[in-house]
Amino acid sequence: MENINLITSEIFISLSLMSLLILGVFKNNSSSIVYNLSIFTLFLSLLINLNLFSFNNFYLFNGAYKVDHLSNFMKVLIIVSGIFVMLSSSKYLKINKIFKIEYPILLLSSILGMFIMISSNDLMVFYLGLELQSLALYVLASFKRNDQLSSESGLKYFVLSALSSGLLLYGCSLIYGFSGSTNFDQISNNISEVQYGLTLGIVFILVGLAFKISAVPFHMWAPDVYQGSPTSVTIFFAILPKIAALSVFIRFLYVPFINLIDQWQTIIIFVSIASMVFGAVAAIGQKNLKRLMAYSSISHMGFALAGLAVGTNEGIQSSLIYISIYLLMNLAFFSCLFMLKRNDIYHEDLSDLSGLSKNHPILALCLLISLFSLAGIPPLAGFFAKFYIFLAVIKEEMYFLAIVGLLSTVVAAFYYLRVIKTIYFDSQTEKFDINHDIGLKISLLVSTVIILIYFIYPSPLQALISKIVIL
Amino acid sequence: MNFPILSSLILLPLIGSVFIFFNKSTEKNKTIKYVSIFITLSNFLLSLYLWYIFDKSIPDFQFIEDREWISGLINYKVGIDGISILFVMLTAFITPLCVISVISTIKYRLKDFLIAILIMESLMIGVFCSLDLVVFYLFFEGGLIPMFLIIGIWGGERRVYSAFKFFLYTLLGSVLMLVAIISIYWIAGTTDVQELYKIGIDQKYQNLLWLAFFSSFAVKTPMWPVHTWLPDAHVEAPTAGSVLLAAILLKMAGYGFIRFSIGLFPVASEYFVPLVYVLSIIAIIYTSLVALMQDDMKKLIAYSSVAHMGFVTLGIFTMTQQGIEGSIIQMISHGLISAALFLCVGVIYDRRHTRQIKDYGGLVSVMPKYAILFMIFTLGAVGLPGTTGFVGEFLILLGAFKKSFIVAIFASIGVILSAAYMLWLYRRVVFGKIVNADLKNIVDLNKSEKIILWTLAVPSIFYGFYPEPIFNTIDVSINSLIQTYNANLDIYFAGKN
């Protein structure tokens, strides 16, 4: 056990998770303390992870657990977005009377599950991590338990997710049966030829993973769950599980099954194109902003998968850049959503944005920036995200994917423009409250400013990610 | 490294807009007005200085700045030659006039408008300076955002429809260009324009790449049949928006044709010449006829813009010295004259709030100064000798005659038609009796309108009589452009035989 220090942050999070639970149980009215301590926990584990950042290719527990640049990078992304999500949503929780001790603890355990997913190098470990994060998310989705929509979304997510987990497990068992191992590296060694059982196993696992990142045709849950869950959970849904599932995608496809690329590449291309197009088209008619963002995220996941479909290191790296920028854009958008509060009631309809630019010019500008960035208009960060993806896609001469993808951005631009139109061109309505807490302001400001000035010097993120070499 | 004059030209308006952003936007706040005028004027002076120190005797790019940007992939590279410097100057010249017009006419959200104009100026100067395809694309597309807001916030009744149409049309055209740019990166290994000029692009890819670039530039020019966004955008945009759109935004495509389509894909350009000829001729004749039938002044001028840009594309693809020089002069002249015409319409629109031709008539007796200026620009648009319009159209026709007699004949018909619709417009609006009683109280041009319109009138007449300074600037660059073009074709056809 000489490398146990490599999982310091996992150990640290689990220990603080348990002690926070104890603290919450034994001390009355401690939800605020627990919440702040959870943020602090995340912050400390960020420091720990940054310390481990240079470790690459270390195995633990007989090769079941892997620490490399990919896992380090994704963990840092998860923690950073976790911190910002918690910072921005505390006031929302208080006003909606769901500021309870369970909330941060469930968030932390979900994050712990994601850590395990990201680092897993074994089907069983991967499944354990996946279930840990999912179980926490089921509860979180229905956290506003008196609210009909919230309960519905929790149940819906639970049922569908359980189904996909079942498929995933079946896929795992097939792969174990045909390759004789659950360890990714072992599988890779044991596979000598294309076997239908293996292909079937891959397909089942891809279905399960596609469900987690809400890619078409396994996206049905996303709009309802996004809309029904409390907004503070929606933002979590929109960002963190996708980061984790994407890194599992990378690890699962590129370590054991890179030799079977002909088998899975077409599937990924199909899922990617379907998500890009469906997400763009279906969002057009939406009136609820959270629902709109659900479709938008479906379409964005299509782009991230396009990078993975390429089958090269450039493709993987472009996906990672994409997800990092996607995180920022969603953070900016949802932070704006948290600010649409009037007399302690949060508004989330498109029509509520009407004429926002006259009453709240700064907030409107932030929304403008994040929306144009989501649409991928240069010079904002969202353009670069797409630029890297298409750079990788076109390098492998997959022109069809590139052209469909870019045309779908034009369709997608339409509904982002519709939101901007409501903000800037329509007549104004009542003003919103402006008593936001500092955490929300910080997360909005940080994300928007980064999106805006990213174009000045895009190299640092790229340099960081270019270290992640899988193949 | 020398003083980065091009980057300062690009950055100065941007800095100005940031400064204005942090200012309070009260009605009485004069600071933002002065700052925006000051910034745009100093940018114009800077561009004059640039012209002064620009060495007109060498065809190469000058004032090159080359910095690492996206590490290992793309460099931020800017530089100008004889062709681009004119467009940079045009941009820097038109923007202060726009700012003055905005300050005197826009009543609400002035601060936001000024910010949008300044950002536009940055982006447009960037378009004309950039020597890297990705940098070019960034500036080219970035212009969509401020223009969308200008049309949508300050536009007329159907502004939302027009703004959406403008945005989606141009975006649709441009995404294909992005695919082409990335393909070029992998085919040639670089997106640096200067490098690409040297190494050339494999012929077997040229046709597709040319079409992808064409789709973007054709929408932006705009060429028939993808021109329909322009009349809508012009009619609904506020005056300053129309001016920016007509004077500068449309020129980005013409510039793109010269710099990229011809420069990078000579073989494909030669191959597609008939296509461009046909589309240009249709644009010239068809849109002229459409212009004849318009009731709305702005729409009429918008259609005339399409016809004029038809001349430009025709001239560029004659691939002759005369044709391309004529196109550039035509673009400059159109930049000055159509800007002025939109301002002229804006002047009476601000007073009467209608753009219908039938609501006017007999303005000459109540607005004599206006009538004179409007006459100058009408004749300029017609292409009367002594205006820049004449020099441009004459040279384009000269180039066209050199290549194809029939094309030139058709184009000449367009010249006649342009005289018909412009003079008819002038007659209906300015001459005749005052039918509408309200017009009797209309006031003549005020001080700022006079300043703006005379500032546009003087160069369009001056360069009409004495176009030598423009020729001096572009001659060498165009000469070398055509030589490289012909040399490339020779190599290609020699290889084929």
# chains A, B, ... in the order shown; residues from 1 in each chain; ligands from 1
>>> interface_residues(of="chain A", to="chain B", cutoff="9 Å", atoms="only C-alpha atoms", output="PyMOL selection string")
chain A and resi 358+372+377-380+383+387+390-391+394-395+397+399+402-403+406-407+409-411+413-414+417-418+421+424-426+455-460+462-463
>>> write_last_selection(atoms="N, CA and C atoms", output="mmCIF file, in the first residue's frame")
data_model
loop_
_atom_site.group_PDB
_atom_site.id
_atom_site.type_symbol
_atom_site.label_atom_id
_atom_site.label_comp_id
_atom_site.auth_asym_id
_atom_site.auth_seq_id
_atom_site.Cartn_x
_atom_site.Cartn_y
_atom_site.Cartn_z
ATOM 1 N N LYS A 358 -33.224 46.446 -19.718
ATOM 2 C CA LYS A 358 -33.495 47.815 -19.284
ATOM 3 C C LYS A 358 -33.434 47.931 -17.768
ATOM 4 N N PHE A 372 -24.450 33.760 -26.196
ATOM 5 C CA PHE A 372 -23.704 33.776 -27.451
ATOM 6 C C PHE A 372 -22.571 32.761 -27.404
ATOM 7 N N ILE A 377 -20.548 31.532 -30.931
ATOM 8 C CA ILE A 377 -20.201 32.668 -31.785
ATOM 9 C C ILE A 377 -18.848 33.220 -31.345
ATOM 10 N N PRO A 378 -17.903 33.388 -32.267
ATOM 11 C CA PRO A 378 -16.641 33.986 -31.860
ATOM 12 C C PRO A 378 -16.865 35.447 -31.501
ATOM 13 N N PRO A 379 -16.022 36.021 -30.698
ATOM 14 C CA PRO A 379 -14.786 35.475 -30.134
ATOM 15 C C PRO A 379 -14.971 34.878 -28.745
ATOM 16 N N LEU A 380 -16.160 34.441 -28.376
ATOM 17 C CA LEU A 380 -16.357 33.959 -27.012
ATOM 18 C C LEU A 380 -15.838 32.535 -26.858
ATOM 19 N N PHE A 383 -16.943 29.349 -28.856
ATOM 20 C CA PHE A 383 -16.447 29.139 -30.213
ATOM 21 C C PHE A 383 -15.196 28.266 -30.194
ATOM 22 N N PHE A 387 -14.316 24.895 -31.979
ATOM 23 C CA PHE A 387 -13.184 24.945 -32.907
ATOM 24 C C PHE A 387 -12.253 23.753 -32.697
ATOM 25 N N PHE A 390 -13.864 20.506 -33.973
ATOM 26 C CA PHE A 390 -13.871 20.349 -35.421
ATOM 27 C C PHE A 390 -12.464 20.212 -35.979
ATOM 28 N N LEU A 391 -11.522 20.825 -35.289
ATOM 29 C CA LEU A 391 -10.128 20.622 -35.697
ATOM 30 C C LEU A 391 -9.792 19.136 -35.662
ATOM 31 N N ILE A 394 -12.081 17.109 -38.344
ATOM 32 C CA ILE A 394 -11.724 17.276 -39.754
ATOM 33 C C ILE A 394 -10.348 16.683 -40.039
ATOM 34 N N LYS A 395 -9.506 16.605 -39.022
ATOM 35 C CA LYS A 395 -8.198 15.996 -39.251
ATOM 36 C C LYS A 395 -8.355 14.565 -39.738
ATOM 37 N N GLU A 397 -10.752 13.574 -41.426
ATOM 38 C CA GLU A 397 -11.575 13.670 -42.647
ATOM 39 C C GLU A 397 -13.002 13.168 -42.447
ATOM 40 N N TYR A 399 -15.883 14.594 -42.597
ATOM 41 C CA TYR A 399 -16.526 15.852 -42.986
ATOM 42 C C TYR A 399 -18.018 15.855 -42.687
ATOM 43 N N ALA A 402 -18.621 16.843 -39.239
ATOM 44 C CA ALA A 402 -18.301 18.259 -39.040
ATOM 45 C C ALA A 402 -19.398 19.144 -39.602
ATOM 46 N N ILE A 403 -19.853 18.828 -40.807
ATOM 47 C CA ILE A 403 -20.820 19.721 -41.437
ATOM 48 C C ILE A 403 -22.177 19.638 -40.737
ATOM 49 N N LEU A 406 -21.842 21.602 -37.547
ATOM 50 C CA LEU A 406 -21.845 23.048 -37.693
ATOM 51 C C LEU A 406 -23.213 23.562 -38.126
ATOM 52 N N LEU A 407 -23.900 22.792 -38.963
ATOM 53 C CA LEU A 407 -25.233 23.249 -39.339
ATOM 54 C C LEU A 407 -26.174 23.221 -38.140
ATOM 55 N N THR A 409 -25.318 23.933 -35.223
ATOM 56 C CA THR A 409 -25.083 25.142 -34.413
ATOM 57 C C THR A 409 -25.880 26.316 -34.951
ATOM 58 N N VAL A 410 -26.118 26.311 -36.265
ATOM 59 C CA VAL A 410 -26.931 27.408 -36.801
ATOM 60 C C VAL A 410 -28.369 27.299 -36.295
ATOM 61 N N VAL A 411 -28.882 26.050 -36.291
ATOM 62 C CA VAL A 411 -30.235 25.862 -35.761
ATOM 63 C C VAL A 411 -30.268 26.237 -34.291
ATOM 64 N N ALA A 413 -28.383 28.251 -32.783
ATOM 65 C CA ALA A 413 -28.249 29.706 -32.618
ATOM 66 C C ALA A 413 -29.630 30.354 -32.563
ATOM 67 N N PHE A 414 -30.576 29.769 -33.269
ATOM 68 C CA PHE A 414 -31.908 30.370 -33.319
ATOM 69 C C PHE A 414 -32.523 30.477 -31.928
ATOM 70 N N LEU A 417 -30.777 32.915 -29.756
ATOM 71 C CA LEU A 417 -31.134 34.272 -30.170
ATOM 72 C C LEU A 417 -32.514 34.648 -29.654
ATOM 73 N N ARG A 418 -33.399 33.652 -29.583
ATOM 74 C CA ARG A 418 -34.740 33.948 -29.101
ATOM 75 C C ARG A 418 -34.690 34.412 -27.652
ATOM 76 N N LYS A 421 -33.305 37.858 -27.729
ATOM 77 C CA LYS A 421 -34.351 38.764 -28.212
ATOM 78 C C LYS A 421 -35.269 39.154 -27.055
ATOM 79 N N TYR A 424 -33.359 41.579 -24.789
ATOM 80 C CA TYR A 424 -32.941 42.887 -25.284
ATOM 81 C C TYR A 424 -33.991 43.640 -26.081
ATOM 82 N N PHE A 425 -34.855 42.901 -26.797
ATOM 83 C CA PHE A 425 -35.738 43.627 -27.706
ATOM 84 C C PHE A 425 -37.145 43.808 -27.148
ATOM 85 N N ASP A 426 -37.550 42.993 -26.178
ATOM 86 C CA ASP A 426 -38.931 43.065 -25.720
ATOM 87 C C ASP A 426 -39.103 44.138 -24.656
ATOM 88 N N PHE A 455 -10.546 34.375 -25.313
ATOM 89 C CA PHE A 455 -9.946 34.420 -26.647
ATOM 90 C C PHE A 455 -8.610 35.125 -26.670
ATOM 91 N N ILE A 456 -8.343 35.943 -25.655
ATOM 92 C CA ILE A 456 -7.090 36.691 -25.703
ATOM 93 C C ILE A 456 -5.907 35.745 -25.671
ATOM 94 N N TYR A 457 -6.000 34.728 -24.840
ATOM 95 C CA TYR A 457 -4.884 33.794 -24.774
ATOM 96 C C TYR A 457 -5.396 32.407 -24.430
ATOM 97 N N PRO A 458 -5.801 31.624 -25.410
ATOM 98 C CA PRO A 458 -6.407 30.314 -25.127
ATOM 99 C C PRO A 458 -5.400 29.223 -24.803
ATOM 100 N N SER A 459 -4.120 29.541 -24.845
ATOM 101 C CA SER A 459 -3.119 28.488 -24.737
ATOM 102 C C SER A 459 -3.050 27.745 -23.402
ATOM 103 N N PRO A 460 -3.205 28.419 -22.241
ATOM 104 C CA PRO A 460 -2.960 27.692 -20.985
ATOM 105 C C PRO A 460 -3.803 26.426 -20.833
ATOM 106 N N GLN A 462 -5.182 24.687 -23.109
ATOM 107 C CA GLN A 462 -4.753 23.731 -24.110
ATOM 108 C C GLN A 462 -3.456 23.037 -23.677
ATOM 109 N N ALA A 463 -2.539 23.829 -23.114
ATOM 110 C CA ALA A 463 -1.271 23.255 -22.682
ATOM 111 C C ALA A 463 -1.497 22.222 -21.577
#
>>> atom_distance(atom1="CA of Thr228 (chain B)", atom2="CA of Leu374 (chain A)")
27.3 Å
>>> residues_around(residues="Gln148 (chain A)", least_positions_apart="4", cutoff="10 Å", atoms="only C-alpha atoms", output="PyMOL selection string")
chain A and resi 142+144+152-153+228-229
>>> write_last_selection(atoms="C-alpha atoms", output="JSON list (two decimals), in the first residue's frame")
[["chain", "number", "residue", "atom", "x", "y", "z"],
["A", 142, "SER", "CA", -36.61, 15.04, -5.34],
["A", 144, "LYS", "CA", -38.02, 19.65, -2.68],
["A", 152, "GLU", "CA", -41.85, 13.38, -10.12],
["A", 153, "SER", "CA", -38.43, 14.18, -11.49],
["A", 228, "GLY", "CA", -38.58, 19.49, -11.98],
["A", 229, "SER", "CA", -35.51, 19.48, -9.77]]
>>> residues_around(residues="Phe333 (chain A)", least_positions_apart="2", cutoff="12 Å", atoms="only C-alpha atoms", output="PyMOL selection string")
chain A and resi 85+88+231+234-235+238-239+289-290+292-293+296-297+326-331+335-340+348+363-374+416+419+440+443-445+447-448+451
>>> select_by_dssp(residues="region 209-341 of chain A", states="alpha helix (DSSP H)", output="number ranges by chain")
A: 209-212, 221-228, 231-254, 261-282, 289-309, 313-338
>>> write_last_selection(atoms="C-alpha atoms", output="short mmCIF file (atom, residue, chain, number, x, y, z; two decimals), in the first residue's frame")
data_model
loop_
_atom_site.label_atom_id
_atom_site.label_comp_id
_atom_site.auth_asym_id
_atom_site.auth_seq_id
_atom_site.Cartn_x
_atom_site.Cartn_y
_atom_site.Cartn_z
CA LEU A 209 -23.17 5.86 -20.16
CA ALA A 210 -25.14 7.68 -22.84
CA PHE A 211 -28.00 7.76 -20.38
CA LYS A 212 -25.80 9.45 -17.79
CA TRP A 221 -35.32 11.98 -18.68
CA ALA A 222 -33.28 15.13 -19.04
CA PRO A 223 -35.91 17.79 -19.82
CA ASP A 224 -38.29 16.65 -17.08
CA VAL A 225 -35.61 16.19 -14.48
CA TYR A 226 -33.96 19.49 -15.32
CA GLN A 227 -37.26 21.28 -15.03
CA GLY A 228 -38.58 19.49 -11.98
CA THR A 231 -32.48 24.81 -9.78
CA SER A 232 -29.56 24.24 -7.46
CA VAL A 233 -29.73 20.56 -8.35
CA THR A 234 -30.31 21.25 -12.03
CA ILE A 235 -27.05 23.14 -12.30
CA PHE A 236 -25.38 20.20 -10.58
CA PHE A 237 -27.01 17.79 -13.02
CA ALA A 238 -26.00 19.92 -15.95
CA ILE A 239 -22.33 19.91 -15.13
CA LEU A 240 -20.86 17.36 -12.75
CA PRO A 241 -22.25 13.95 -13.77
CA LYS A 242 -21.39 14.81 -17.36
CA ILE A 243 -17.77 15.45 -16.53
CA ALA A 244 -17.56 12.13 -14.69
CA ALA A 245 -19.39 10.14 -17.35
CA LEU A 246 -17.30 11.67 -20.10
CA SER A 247 -14.09 10.60 -18.44
CA VAL A 248 -15.48 7.08 -18.05
CA PHE A 249 -16.35 7.18 -21.74
CA ILE A 250 -12.75 8.01 -22.51
CA ARG A 251 -11.32 5.38 -20.22
CA PHE A 252 -13.73 2.67 -21.22
CA LEU A 253 -13.51 3.17 -24.96
CA TYR A 254 -9.86 3.97 -25.28
CA ILE A 261 -12.80 0.97 -32.64
CA ASP A 262 -14.55 -0.13 -35.80
CA GLN A 263 -17.25 -1.67 -33.64
CA TRP A 264 -18.06 1.34 -31.50
CA GLN A 265 -17.06 4.29 -33.63
CA THR A 266 -20.23 4.22 -35.70
CA ILE A 267 -22.36 4.09 -32.57
CA ILE A 268 -20.66 7.12 -31.10
CA ILE A 269 -20.92 9.02 -34.37
CA PHE A 270 -24.61 8.23 -34.56
CA VAL A 271 -25.25 9.22 -30.95
CA SER A 272 -23.26 12.38 -31.44
CA ILE A 273 -25.06 13.48 -34.60
CA ALA A 274 -28.46 12.55 -33.18
CA SER A 275 -27.77 14.54 -30.01
CA MET A 276 -26.51 17.60 -31.83
CA VAL A 277 -29.44 17.72 -34.21
CA PHE A 278 -32.16 16.69 -31.78
CA GLY A 279 -30.95 19.02 -29.06
CA ALA A 280 -30.93 21.92 -31.47
CA VAL A 281 -34.32 21.24 -33.02
CA ALA A 282 -36.23 20.27 -29.89
CA LEU A 289 -35.45 28.12 -19.33
CA LYS A 290 -34.38 25.02 -17.42
CA ARG A 291 -36.00 22.80 -19.99
CA LEU A 292 -34.31 24.80 -22.70
CA MET A 293 -30.99 24.23 -21.00
CA ALA A 294 -31.72 20.51 -20.87
CA TYR A 295 -32.02 20.40 -24.64
CA SER A 296 -29.04 22.67 -24.99
CA SER A 297 -26.98 20.31 -22.86
CA ILE A 298 -28.11 17.36 -24.97
CA SER A 299 -26.81 19.15 -28.00
CA HIS A 300 -23.57 20.09 -26.27
CA MET A 301 -22.97 16.52 -25.23
CA GLY A 302 -23.30 15.63 -28.89
CA PHE A 303 -20.34 17.88 -29.60
CA ALA A 304 -18.30 16.43 -26.77
CA LEU A 305 -18.99 12.95 -28.13
CA ALA A 306 -18.00 14.07 -31.62
CA GLY A 307 -14.53 14.60 -30.24
CA LEU A 308 -14.54 11.10 -28.76
CA ALA A 309 -15.78 9.55 -31.99
CA ASN A 313 -5.60 11.86 -28.79
CA GLU A 314 -6.54 15.19 -30.38
CA GLY A 315 -10.14 14.08 -30.29
CA ILE A 316 -10.00 13.22 -26.60
CA GLN A 317 -8.28 16.47 -25.79
CA SER A 318 -10.78 18.48 -27.76
CA SER A 319 -13.59 16.80 -25.81
CA LEU A 320 -11.89 17.70 -22.57
CA ILE A 321 -11.52 21.32 -23.63
CA TYR A 322 -15.14 21.26 -24.67
CA ILE A 323 -16.39 20.00 -21.34
CA SER A 324 -14.27 22.54 -19.46
CA ILE A 325 -15.73 25.42 -21.41
CA TYR A 326 -19.20 23.90 -21.26
CA LEU A 327 -18.88 23.93 -17.50
CA LEU A 328 -18.13 27.65 -17.47
CA MET A 329 -20.99 28.51 -19.80
CA ASN A 330 -23.51 26.54 -17.78
CA LEU A 331 -22.23 28.01 -14.58
CA ALA A 332 -22.68 31.50 -16.00
CA PHE A 333 -26.15 30.78 -17.30
CA PHE A 334 -27.45 29.15 -14.15
CA SER A 335 -25.93 31.86 -11.99
CA CYS A 336 -28.01 34.28 -13.99
CA LEU A 337 -31.02 32.06 -13.43
CA PHE A 338 -30.46 32.24 -9.66
#
>>> residues_around(residues="Pro104 (chain A)", least_positions_apart="3", cutoff="8 Å", atoms="only C-alpha atoms", output="list in words")
Val34, Tyr35, Ser38, Lys100, Ile101, Leu107 and Leu108 of chain A
>>> write_last_selection(atoms="N, CA and C atoms", output="CSV table (one decimal), in the first residue's frame")
chain,number,residue,atom,x,y,z
A,34,VAL,N,-22.7,23.1,8.3
A,34,VAL,CA,-22.4,21.9,7.5
A,34,VAL,C,-22.1,22.3,6.1
A,35,TYR,N,-23.0,23.3,5.6
A,35,TYR,CA,-22.9,23.7,4.2
A,35,TYR,C,-21.5,24.4,4.0
A,38,SER,N,-18.7,22.0,4.1
A,38,SER,CA,-18.6,21.2,2.9
A,38,SER,C,-17.9,21.9,1.8
A,100,LYS,N,-30.9,22.1,4.2
A,100,LYS,CA,-30.9,21.1,5.3
A,100,LYS,C,-29.5,20.5,5.3
A,101,ILE,N,-29.2,19.8,6.4
A,101,ILE,CA,-27.8,19.2,6.4
A,101,ILE,C,-27.6,18.1,5.4
A,107,LEU,N,-24.5,16.0,-1.8
A,107,LEU,CA,-23.6,16.5,-2.8
A,107,LEU,C,-22.2,15.9,-2.7
A,108,LEU,N,-21.7,15.9,-1.5
A,108,LEU,CA,-20.3,15.4,-1.3
A,108,LEU,C,-20.2,14.0,-1.7
>>> closest_residue(among="B:Phe93, B:Phe61, B:Pro146, B:Phe166", to="Cys129 (chain B)", atoms="only C-alpha atoms")
B:Phe61
>>> residues_around(residues="region 447-453 of chain B", least_positions_apart="6", cutoff="10 Å", atoms="only C-alpha atoms", output="PyMOL selection string")
chain B and resi 94+96-98+100-101+103-104+336-337+339-341+343-344+346-347+369-370+373-374+377
>>> closest_atom_pairs(of="region 277-382 of chain B", to="region 457-478 of chain B", cutoff="10 Å", atoms="only C-alpha atoms", output="JSON lines")
{"residue": "B:Met319", "atom": "CA", "partner": "B:Ile478", "partner_atom": "CA", "distance": 9.8}
{"residue": "B:Thr320", "atom": "CA", "partner": "B:Ile478", "partner_atom": "CA", "distance": 9.2}
{"residue": "B:Gln321", "atom": "CA", "partner": "B:Ile478", "partner_atom": "CA", "distance": 6.8}
{"residue": "B:Gln322", "atom": "CA", "partner": "B:Ile478", "partner_atom": "CA", "distance": 9.6}
{"residue": "B:Ile324", "atom": "CA", "partner": "B:Ile478", "partner_atom": "CA", "distance": 7.5}
{"residue": "B:Glu325", "atom": "CA", "partner": "B:Ile474", "partner_atom": "CA", "distance": 7.4}
{"residue": "B:Gly326", "atom": "CA", "partner": "B:Phe471", "partner_atom": "CA", "distance": 9.7}
{"residue": "B:Ile328", "atom": "CA", "partner": "B:Ile474", "partner_atom": "CA", "distance": 8.7}
{"residue": "B:Ile329", "atom": "CA", "partner": "B:Ile470", "partner_atom": "CA", "distance": 7.7}
{"residue": "B:Ile332", "atom": "CA", "partner": "B:Ser460", "partner_atom": "CA", "distance": 8.9}
{"residue": "B:Ser333", "atom": "CA", "partner": "B:Ser460", "partner_atom": "CA", "distance": 6.4}
{"residue": "B:His334", "atom": "CA", "partner": "B:Ser460", "partner_atom": "CA", "distance": 9.3}
{"residue": "B:Gly335", "atom": "CA", "partner": "B:Ser460", "partner_atom": "CA", "distance": 9.7}
{"residue": "B:Leu336", "atom": "CA", "partner": "B:Ser460", "partner_atom": "CA", "distance": 6.7}
{"residue": "B:Ile337", "atom": "CA", "partner": "B:Ser460", "partner_atom": "CA", "distance": 7.2}
{"residue": "B:Ala340", "atom": "CA", "partner": "B:Ala457", "partner_atom": "CA", "distance": 7.9}
{"residue": "B:Leu373", "atom": "CA", "partner": "B:Ala457", "partner_atom": "CA", "distance": 7.5}
{"residue": "B:Phe374", "atom": "CA", "partner": "B:Ala457", "partner_atom": "CA", "distance": 9.6}
{"residue": "B:Ile376", "atom": "CA", "partner": "B:Ala457", "partner_atom": "CA", "distance": 7.1}
{"residue": "B:Phe377", "atom": "CA", "partner": "B:Ala457", "partner_atom": "CA", "distance": 7.2}
{"residue": "B:Gly380", "atom": "CA", "partner": "B:Ser460", "partner_atom": "CA", "distance": 7.5}
>>> residues_around(residues="Leu439 (chain B)", least_positions_apart="3", cutoff="12 Å", atoms="only C-alpha atoms", output="CSV table (one decimal) with N, CA and C atoms, in the first residue's frame")
chain,number,residue,atom,x,y,z
B,348,ILE,N,-34.5,62.9,-43.5
B,348,ILE,CA,-35.9,63.2,-43.6
B,348,ILE,C,-36.8,62.2,-42.8
B,349,TYR,N,-36.3,61.0,-42.5
B,349,TYR,CA,-37.0,60.1,-41.7
B,349,TYR,C,-37.1,60.7,-40.3
B,351,ARG,N,-37.3,63.6,-39.4
B,351,ARG,CA,-38.2,64.7,-39.4
B,351,ARG,C,-39.7,64.3,-39.6
B,352,ARG,N,-39.9,63.4,-40.5
B,352,ARG,CA,-41.2,63.0,-40.9
B,352,ARG,C,-41.6,61.6,-40.4
B,353,HIS,N,-40.7,60.8,-40.0
B,353,HIS,CA,-41.0,59.4,-39.6
B,353,HIS,C,-41.7,58.6,-40.6
B,354,THR,N,-41.3,58.8,-41.8
B,354,THR,CA,-41.8,57.9,-42.9
B,354,THR,C,-40.7,57.7,-43.9
B,359,ASP,N,-44.8,59.9,-49.7
B,359,ASP,CA,-45.1,61.0,-48.7
B,359,ASP,C,-44.3,62.2,-48.9
B,360,TYR,N,-43.3,62.1,-49.8
B,360,TYR,CA,-42.5,63.3,-50.1
B,360,TYR,C,-42.7,63.9,-51.4
B,361,GLY,N,-42.0,64.8,-51.8
B,361,GLY,CA,-42.1,65.5,-53.1
B,361,GLY,C,-42.0,67.0,-52.9
B,362,GLY,N,-41.2,67.6,-53.7
B,362,GLY,CA,-41.0,69.1,-53.6
B,362,GLY,C,-40.1,69.5,-52.5
B,363,LEU,N,-39.2,68.7,-52.0
B,363,LEU,CA,-38.4,69.1,-50.9
B,363,LEU,C,-37.4,70.2,-51.3
B,364,VAL,N,-37.2,70.4,-52.7
B,364,VAL,CA,-36.2,71.3,-53.1
B,364,VAL,C,-36.6,72.7,-52.6
B,365,SER,N,-37.8,73.0,-52.5
B,365,SER,CA,-38.2,74.4,-52.2
B,365,SER,C,-38.1,74.7,-50.7
B,366,VAL,N,-38.2,73.6,-49.9
B,366,VAL,CA,-38.1,73.8,-48.4
B,366,VAL,C,-36.7,73.4,-47.9
B,367,MET,N,-36.0,72.5,-48.5
B,367,MET,CA,-34.7,72.0,-48.0
B,367,MET,C,-33.7,72.2,-49.1
B,429,VAL,N,-38.8,62.5,-54.9
B,429,VAL,CA,-38.7,63.0,-53.5
B,429,VAL,C,-38.4,64.5,-53.5
B,430,VAL,N,-37.6,65.0,-54.4
B,430,VAL,CA,-37.1,66.3,-54.2
B,430,VAL,C,-37.8,67.3,-55.1
B,433,LYS,N,-44.2,69.4,-57.0
B,433,LYS,CA,-44.9,70.4,-56.0
B,433,LYS,C,-45.0,69.7,-54.7
B,434,ILE,N,-45.1,70.5,-53.6
B,434,ILE,CA,-45.3,69.9,-52.3
B,434,ILE,C,-46.8,69.5,-52.2
B,435,VAL,N,-47.0,68.2,-52.2
B,435,VAL,CA,-48.4,67.7,-52.2
B,435,VAL,C,-48.8,67.6,-50.7
B,436,ASN,N,-47.9,67.1,-49.9
B,436,ASN,CA,-48.1,66.9,-48.5
B,436,ASN,C,-47.9,68.2,-47.7
B,442,ILE,N,-41.0,71.6,-42.7
B,442,ILE,CA,-39.8,70.8,-42.5
B,442,ILE,C,-38.5,71.7,-42.5
B,443,VAL,N,-37.6,71.4,-41.6
B,443,VAL,CA,-36.4,72.3,-41.5
B,443,VAL,C,-35.3,71.7,-42.3
B,444,ASP,N,-34.4,72.5,-42.8
B,444,ASP,CA,-33.3,72.1,-43.6
B,444,ASP,C,-32.2,71.5,-42.7
>>> atom_distance(atom1="CA of Tyr255 (chain B)", atom2="CA of Thr91 (chain B)")
12.8 Å
